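Report on the following structure.
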Amino acid sequence: MHRRLTFRLAFAALLTLALVACTTVGDLLSNRVTVSPEQLQSQLDRRFPRDYRKLGGMLSVRVMHPRLRLQPERHRLLLDFDAGIAAFGSNPSTPRGHFTVSSGLRFDPAAMALMLDAPAVERADIPALAGMGQGAIQSLLDQWLLDEARNEPVYRFSASDQDKLRGRSIRSIDVAASGLQVQLGNGQ
């Protein structure tokens with residue numbers, strides 16, 4: 001009797017391990033990585049506020065409070081930011097305006113991250129910079145956006161997702177209402 005119980009327990013343990021292994025292997029072999037809006041927002045929240053100095057340090061812009069919206073119909077992200085402005089060393093922590101950016105996404109294999117792709121300033125309402133003129137404000141935001149798109153990820157994949165991505169190509173990055181769907185190919 002004791003032998004039968006031991007055999008059953010061993011069989012149950014092996015079956016449990018096999019199921020866990022199948023789930024892990026299934027996850028690794030999946031052709032998709034999903035990123036929820038909450039995951040995206042969480043990573044954005046950790047990266048901001050950020051300060052940018054312009055005009056030799058005479059002007060400081062603090063970009064803060066990112067708010068993410070997904071636009072599946074346009075296949076883009078929409079990011080709203082508050083902006084704090086300070087001149088000659090004053091404090092930029094109080095929002096003095098806001099702006100909205102839309103962007104597609106691209107995968108950066110070296111960073112194992114999603115980056116902005118073809119971002120554009122959709123709207124800018126920063127009364128504190130009104131004296132500079134709309135063209136100068138647009139130029140300042142466009143330069144910030146180019147730097148951001150080139151250097152800063154929107155989303156860095158988790159270690160388990162990086163395991164899925166290694167050695168695989170990215171077929172597409174789809175923006176859906178439920179989040180991002182990163183479709184994987186077989187090779188790079």
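Letters for chains follow the order of the structure tokens (A, B, ...), residue numbers begin at 1 for each chain, and ligand numbers begin at 1 in the order shown.
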Do you have, as CSV, the list of residues of stretch 113-186 of chain A lying at most 12 Å from stretch 81-105 of chain A, each with its nearest atom pair and that distance in Å to one decimal, counting only C-alpha atoms and ordered by chain then number?
residue,atom,partner,partner_atom,distance
A:Ala113,CA,A:Leu105,CA,9.9
A:Leu114,CA,A:Leu105,CA,6.2
A:Met115,CA,A:Leu105,CA,5.6
A:Leu116,CA,A:Leu105,CA,4.9
A:Asp117,CA,A:Leu105,CA,4.7
A:Ala118,CA,A:Ser103,CA,5.8
A:Pro119,CA,A:Ser103,CA,4.1
A:Ala120,CA,A:Ser102,CA,5.5
A:Val121,CA,A:Val101,CA,4.5
A:Glu122,CA,A:Val101,CA,5.4
A:Arg123,CA,A:Thr100,CA,5.1
A:Ala124,CA,A:Phe99,CA,4.2
A:Asp125,CA,A:His98,CA,5.4
A:Ile126,CA,A:Gly97,CA,4.1
A:Pro127,CA,A:Gly97,CA,6.3
A:Ala128,CA,A:Arg96,CA,6.2
A:Leu129,CA,A:Ile85,CA,7.9
A:Ala130,CA,A:Gly97,CA,10.5
A:Ile137,CA,A:Phe99,CA,10.6
A:Gln138,CA,A:Phe99,CA,10.2
A:Leu140,CA,A:Phe99,CA,11.9
A:Leu141,CA,A:Phe99,CA,8.8
A:Asp142,CA,A:Val101,CA,9.9
A:Trp144,CA,A:Val101,CA,11.1
A:Leu145,CA,A:Val101,CA,8.4
A:Leu146,CA,A:Ser103,CA,11.4
A:Glu148,CA,A:Val101,CA,11.4
A:Ala149,CA,A:Ser103,CA,9.3
A:Arg150,CA,A:Leu105,CA,11.7
A:Pro153,CA,A:Leu105,CA,9.8
A:Val154,CA,A:Leu105,CA,8.6
A:Tyr155,CA,A:Leu105,CA,9.9
A:Ile170,CA,A:Leu105,CA,11.6
A:Ser172,CA,A:Leu105,CA,9.6
A:Ile173,CA,A:Leu105,CA,7.0
A:Asp174,CA,A:Leu105,CA,8.9
A:Val175,CA,A:Gly104,CA,8.7
A:Leu180,CA,A:Leu105,CA,9.7
A:Gln181,CA,A:Leu105,CA,11.3
A:Val182,CA,A:Leu105,CA,10.3
Go ahead and save the picked residues with N, CA and C atoms, as a compact mmCIF listing (two decimals), in the first residue's frame.
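Written file, result_0.txt:
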# COMPACT_ATOMS: atom_id res chain seq x y z
N ALA A 113 13.94 47.09 -26.41
CA ALA A 113 12.93 48.06 -26.01
C ALA A 113 12.15 48.57 -27.21
N LEU A 114 10.99 49.13 -26.91
CA LEU A 114 10.20 49.82 -27.91
C LEU A 114 10.53 51.31 -27.84
N MET A 115 10.76 51.89 -29.02
CA MET A 115 11.13 53.30 -29.12
C MET A 115 10.07 54.04 -29.93
N LEU A 116 10.02 55.36 -29.76
CA LEU A 116 9.13 56.17 -30.60
C LEU A 116 9.58 56.06 -32.05
N ASP A 117 8.61 56.08 -32.97
CA ASP A 117 8.90 56.03 -34.39
C ASP A 117 8.02 57.06 -35.09
N ALA A 118 8.67 57.99 -35.79
CA ALA A 118 7.97 59.07 -36.49
C ALA A 118 7.06 59.86 -35.56
N PRO A 119 7.62 60.33 -34.42
CA PRO A 119 6.78 61.09 -33.49
C PRO A 119 6.48 62.48 -34.04
N ALA A 120 5.36 63.02 -33.59
CA ALA A 120 4.97 64.36 -34.02
C ALA A 120 4.28 65.07 -32.86
N VAL A 121 4.55 66.35 -32.73
CA VAL A 121 3.85 67.17 -31.74
C VAL A 121 2.48 67.48 -32.33
N GLU A 122 1.44 67.05 -31.66
CA GLU A 122 0.07 67.26 -32.13
C GLU A 122 -0.47 68.61 -31.66
N ARG A 123 -0.17 68.95 -30.40
CA ARG A 123 -0.67 70.19 -29.80
C ARG A 123 0.33 70.69 -28.80
N ALA A 124 0.42 72.01 -28.68
CA ALA A 124 1.28 72.60 -27.66
C ALA A 124 0.61 73.86 -27.14
N ASP A 125 0.41 73.88 -25.84
CA ASP A 125 -0.18 75.04 -25.17
C ASP A 125 0.71 75.36 -23.97
N ILE A 126 1.72 76.20 -24.22
CA ILE A 126 2.67 76.56 -23.17
C ILE A 126 2.75 78.09 -23.11
N PRO A 127 1.79 78.70 -22.39
CA PRO A 127 1.74 80.17 -22.34
C PRO A 127 3.03 80.82 -21.85
N ALA A 128 3.77 80.13 -20.98
CA ALA A 128 5.01 80.71 -20.46
C ALA A 128 6.04 80.96 -21.55
N LEU A 129 5.91 80.26 -22.68
CA LEU A 129 6.86 80.45 -23.79
C LEU A 129 6.25 81.26 -24.94
N ALA A 130 5.08 81.83 -24.72
CA ALA A 130 4.39 82.55 -25.80
C ALA A 130 5.25 83.66 -26.40
N ILE A 137 8.66 77.59 -30.17
CA ILE A 137 8.15 76.57 -29.27
C ILE A 137 8.12 75.22 -29.99
N GLN A 138 7.61 75.24 -31.22
CA GLN A 138 7.54 74.02 -32.01
C GLN A 138 8.94 73.44 -32.24
N LEU A 140 11.63 73.87 -30.35
CA LEU A 140 12.12 73.36 -29.07
C LEU A 140 11.53 71.98 -28.78
N LEU A 141 10.22 71.83 -28.98
CA LEU A 141 9.57 70.54 -28.73
C LEU A 141 10.01 69.49 -29.75
N ASP A 142 10.17 69.89 -31.01
CA ASP A 142 10.62 68.95 -32.03
C ASP A 142 12.02 68.42 -31.71
N TRP A 144 13.42 68.23 -28.68
CA TRP A 144 13.26 67.33 -27.54
C TRP A 144 12.74 65.98 -27.99
N LEU A 145 11.76 66.00 -28.88
CA LEU A 145 11.14 64.77 -29.36
C LEU A 145 12.11 63.92 -30.16
N LEU A 146 12.94 64.53 -30.98
CA LEU A 146 13.96 63.78 -31.72
C LEU A 146 14.95 63.11 -30.77
N GLU A 148 14.42 62.34 -27.64
CA GLU A 148 13.68 61.32 -26.89
C GLU A 148 13.51 60.06 -27.74
N ALA A 149 13.12 60.23 -29.00
CA ALA A 149 12.89 59.08 -29.89
C ALA A 149 14.17 58.31 -30.16
N ARG A 150 15.27 59.00 -30.24
CA ARG A 150 16.55 58.37 -30.55
C ARG A 150 17.15 57.66 -29.34
N PRO A 153 13.75 54.70 -24.43
CA PRO A 153 12.68 53.75 -24.74
C PRO A 153 11.35 54.17 -24.14
N VAL A 154 10.28 53.83 -24.83
CA VAL A 154 8.94 54.00 -24.29
C VAL A 154 8.66 52.82 -23.35
N TYR A 155 9.18 51.65 -23.75
CA TYR A 155 8.96 50.45 -22.95
C TYR A 155 10.14 49.52 -23.10
N ILE A 170 10.93 40.82 -35.43
CA ILE A 170 9.65 41.45 -35.09
C ILE A 170 8.91 41.65 -36.40
N SER A 172 5.59 42.68 -36.59
CA SER A 172 4.78 43.89 -36.49
C SER A 172 4.59 44.26 -35.03
N ILE A 173 4.27 45.53 -34.83
CA ILE A 173 3.89 46.03 -33.51
C ILE A 173 2.51 46.66 -33.72
N ASP A 174 1.48 45.99 -33.23
CA ASP A 174 0.11 46.46 -33.42
C ASP A 174 -0.36 47.19 -32.17
N VAL A 175 -0.98 48.35 -32.39
CA VAL A 175 -1.58 49.11 -31.30
C VAL A 175 -3.06 48.73 -31.26
N LEU A 180 -0.39 46.68 -26.61
CA LEU A 180 0.45 46.46 -27.79
C LEU A 180 0.60 44.97 -28.02
N GLN A 181 0.52 44.57 -29.28
CA GLN A 181 0.71 43.19 -29.65
C GLN A 181 1.96 43.15 -30.53
N VAL A 182 3.03 42.59 -30.01
CA VAL A 182 4.29 42.48 -30.75
C VAL A 182 4.32 41.09 -31.37
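Compared by their closest atoms to A:Gln183, and using only C-alpha atoms, the residues A:Phe107, A:Ser139, A:Leu70, A:Gly56 rank with A:Phe107 nearest.
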**Study point:** Non-local contacts of A:Ala177 (12 Å; only C-alpha atoms; under 3 positions in same chain excluded) as a PyMOL selection string
**Key:** chain A and resi 34-38+68-77+174+180-181
Just-selected residues, C-alpha atoms written as a PDB file, in the first residue's frame:
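Wrote it out as part_1.pdb, contents follow:
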ATOM      1  CA  THR A  34       1.616  41.549 -25.230  1.00  0.00           C
ATOM      2  CA  VAL A  35       2.207  44.827 -23.407  1.00  0.00           C
ATOM      3  CA  SER A  36      -0.752  46.251 -21.489  1.00  0.00           C
ATOM      4  CA  PRO A  37      -1.519  49.980 -21.245  1.00  0.00           C
ATOM      5  CA  GLU A  38      -0.809  49.709 -17.508  1.00  0.00           C
ATOM      6  CA  LEU A  68      -0.784  57.519 -22.305  1.00  0.00           C
ATOM      7  CA  ARG A  69      -3.655  56.794 -24.664  1.00  0.00           C
ATOM      8  CA  LEU A  70      -3.664  54.141 -27.344  1.00  0.00           C
ATOM      9  CA  GLN A  71      -5.040  55.030 -30.764  1.00  0.00           C
ATOM     10  CA  PRO A  72      -5.629  51.744 -32.599  1.00  0.00           C
ATOM     11  CA  GLU A  73      -7.451  53.528 -35.438  1.00  0.00           C
ATOM     12  CA  ARG A  74      -4.288  55.542 -36.191  1.00  0.00           C
ATOM     13  CA  HIS A  75      -1.872  52.764 -35.134  1.00  0.00           C
ATOM     14  CA  ARG A  76      -0.185  55.234 -32.771  1.00  0.00           C
ATOM     15  CA  LEU A  77       0.345  56.144 -29.143  1.00  0.00           C
ATOM     16  CA  ASP A 174       0.113  46.459 -33.418  1.00  0.00           C
ATOM     17  CA  LEU A 180       0.451  46.460 -27.786  1.00  0.00           C
ATOM     18  CA  GLN A 181       0.707  43.188 -29.652  1.00  0.00           C
TER      19      GLN A 181
END
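In this model, the gap between atom CA of A:Arg47 and atom CA of A:Leu79 comes to 13.5 Å.
Between atom CA of A:His65 and atom CA of A:Asp108 the separation is 24.8 Å.
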Review point. Out of stretch 46-94 of chain A, which residues get strand (DSSP E or B) from DSSP, as a PyMOL selection string?
Key: chain A and resi 50-54+59-71+76-87
Residues just named, written with C-alpha atoms as a PDB file, in the first residue's frame:
ATOM      1  CA  ARG A  50      12.840  64.975 -16.755  1.00  0.00           C
ATOM      2  CA  ASP A  51      14.648  68.274 -17.143  1.00  0.00           C
ATOM      3  CA  TYR A  52      16.052  69.725 -20.358  1.00  0.00           C
ATOM      4  CA  ARG A  53      18.229  72.799 -20.469  1.00  0.00           C
ATOM      5  CA  LYS A  54      18.294  75.008 -23.531  1.00  0.00           C
ATOM      6  CA  LEU A  59      15.938  78.109 -20.086  1.00  0.00           C
ATOM      7  CA  SER A  60      14.949  74.907 -18.327  1.00  0.00           C
ATOM      8  CA  VAL A  61      11.975  72.796 -19.347  1.00  0.00           C
ATOM      9  CA  ARG A  62      10.667  70.050 -17.075  1.00  0.00           C
ATOM     10  CA  VAL A  63       8.555  67.443 -18.869  1.00  0.00           C
ATOM     11  CA  MET A  64       6.293  65.678 -16.381  1.00  0.00           C
ATOM     12  CA  HIS A  65       3.077  63.754 -15.750  1.00  0.00           C
ATOM     13  CA  PRO A  66       2.956  61.576 -18.877  1.00  0.00           C
ATOM     14  CA  ARG A  67      -0.509  60.314 -19.755  1.00  0.00           C
ATOM     15  CA  LEU A  68      -0.784  57.519 -22.305  1.00  0.00           C
ATOM     16  CA  ARG A  69      -3.655  56.794 -24.664  1.00  0.00           C
ATOM     17  CA  LEU A  70      -3.664  54.141 -27.344  1.00  0.00           C
ATOM     18  CA  GLN A  71      -5.040  55.030 -30.764  1.00  0.00           C
ATOM     19  CA  ARG A  76      -0.185  55.234 -32.771  1.00  0.00           C
ATOM     20  CA  LEU A  77       0.345  56.144 -29.143  1.00  0.00           C
ATOM     21  CA  LEU A  78      -0.835  59.499 -27.868  1.00  0.00           C
ATOM     22  CA  LEU A  79       1.185  60.963 -24.991  1.00  0.00           C
ATOM     23  CA  ASP A  80       0.104  64.053 -23.064  1.00  0.00           C
ATOM     24  CA  PHE A  81       2.695  65.841 -20.941  1.00  0.00           C
ATOM     25  CA  ASP A  82       2.705  68.800 -18.596  1.00  0.00           C
ATOM     26  CA  ALA A  83       5.589  71.235 -18.988  1.00  0.00           C
ATOM     27  CA  GLY A  84       7.227  73.378 -16.351  1.00  0.00           C
ATOM     28  CA  ILE A  85       9.300  76.308 -17.573  1.00  0.00           C
ATOM     29  CA  ALA A  86      12.014  78.165 -15.731  1.00  0.00           C
ATOM     30  CA  ALA A  87      14.436  80.860 -16.785  1.00  0.00           C
TER      31      ALA A  87
END
Exercise for review: Just list the residues in stretch 122-176 of chain A DSSP gives alpha helix (DSSP H) on the backbone, as a ChimeraX atom specification.
Suggested key: /A:134-151,159-165
Filtering to N, CA and C atoms, could you give me those residues as a tab-separated table (two decimals), in the first residue's frame?
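Full text of part28.tsv as output:
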chain	number	residue	atom	x	y	z
A	134	GLN	N	5.32	80.83	-31.73
A	134	GLN	CA	4.91	79.44	-31.93
A	134	GLN	C	5.98	78.63	-32.67
A	135	GLY	N	6.67	79.23	-33.63
A	135	GLY	CA	7.72	78.52	-34.37
A	135	GLY	C	8.86	78.09	-33.47
A	136	ALA	N	9.25	78.95	-32.54
A	136	ALA	CA	10.34	78.63	-31.61
A	136	ALA	C	9.92	77.54	-30.63
A	137	ILE	N	8.66	77.59	-30.17
A	137	ILE	CA	8.15	76.57	-29.27
A	137	ILE	C	8.12	75.22	-29.99
A	138	GLN	N	7.61	75.24	-31.22
A	138	GLN	CA	7.54	74.02	-32.01
A	138	GLN	C	8.94	73.44	-32.24
A	139	SER	N	9.90	74.31	-32.54
A	139	SER	CA	11.27	73.87	-32.76
A	139	SER	C	11.87	73.26	-31.49
A	140	LEU	N	11.63	73.87	-30.35
A	140	LEU	CA	12.12	73.36	-29.07
A	140	LEU	C	11.53	71.98	-28.78
A	141	LEU	N	10.22	71.83	-28.98
A	141	LEU	CA	9.57	70.54	-28.73
A	141	LEU	C	10.01	69.49	-29.75
A	142	ASP	N	10.17	69.89	-31.01
A	142	ASP	CA	10.62	68.95	-32.03
A	142	ASP	C	12.02	68.42	-31.71
A	143	GLN	N	12.92	69.29	-31.23
A	143	GLN	CA	14.26	68.85	-30.88
A	143	GLN	C	14.23	67.90	-29.69
A	144	TRP	N	13.42	68.23	-28.68
A	144	TRP	CA	13.26	67.33	-27.54
A	144	TRP	C	12.74	65.98	-27.99
A	145	LEU	N	11.76	66.00	-28.88
A	145	LEU	CA	11.14	64.77	-29.36
A	145	LEU	C	12.11	63.92	-30.16
A	146	LEU	N	12.94	64.53	-30.98
A	146	LEU	CA	13.96	63.78	-31.72
A	146	LEU	C	14.95	63.11	-30.77
A	147	ASP	N	15.40	63.87	-29.77
A	147	ASP	CA	16.32	63.30	-28.77
A	147	ASP	C	15.66	62.14	-28.02
A	148	GLU	N	14.42	62.34	-27.64
A	148	GLU	CA	13.68	61.32	-26.89
A	148	GLU	C	13.51	60.06	-27.74
A	149	ALA	N	13.12	60.23	-29.00
A	149	ALA	CA	12.89	59.08	-29.89
A	149	ALA	C	14.17	58.31	-30.16
A	150	ARG	N	15.27	59.00	-30.24
A	150	ARG	CA	16.55	58.37	-30.55
A	150	ARG	C	17.15	57.66	-29.34
A	151	ASN	N	16.96	58.22	-28.15
A	151	ASN	CA	17.72	57.75	-26.99
A	151	ASN	C	16.92	57.07	-25.88
A	159	ALA	N	12.63	40.63	-18.43
A	159	ALA	CA	13.60	39.56	-18.69
A	159	ALA	C	12.94	38.37	-19.38
A	160	SER	N	11.75	37.99	-18.95
A	160	SER	CA	11.09	36.84	-19.58
A	160	SER	C	10.69	37.16	-21.02
A	161	ASP	N	10.25	38.38	-21.28
A	161	ASP	CA	9.93	38.76	-22.66
A	161	ASP	C	11.19	38.86	-23.51
A	162	GLN	N	12.30	39.31	-22.91
A	162	GLN	CA	13.56	39.36	-23.65
A	162	GLN	C	13.98	37.97	-24.09
A	163	ASP	N	13.73	36.96	-23.26
A	163	ASP	CA	14.04	35.58	-23.64
A	163	ASP	C	13.26	35.18	-24.89
A	164	LYS	N	12.00	35.60	-24.97
A	164	LYS	CA	11.18	35.30	-26.15
A	164	LYS	C	11.71	36.01	-27.39
A	165	LEU	N	12.24	37.23	-27.21
A	165	LEU	CA	12.65	38.07	-28.34
A	165	LEU	C	14.01	37.69	-28.91
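One finds atom CA of A:Val33 at 12.7 Å from atom CA of A:Ser178.
The smallest atom-to-atom distance between A:Arg156 and any of A:Pro49, A:Arg32, A:Ala176, A:Ala111, using only C-alpha atoms, is found for A:Ala111.
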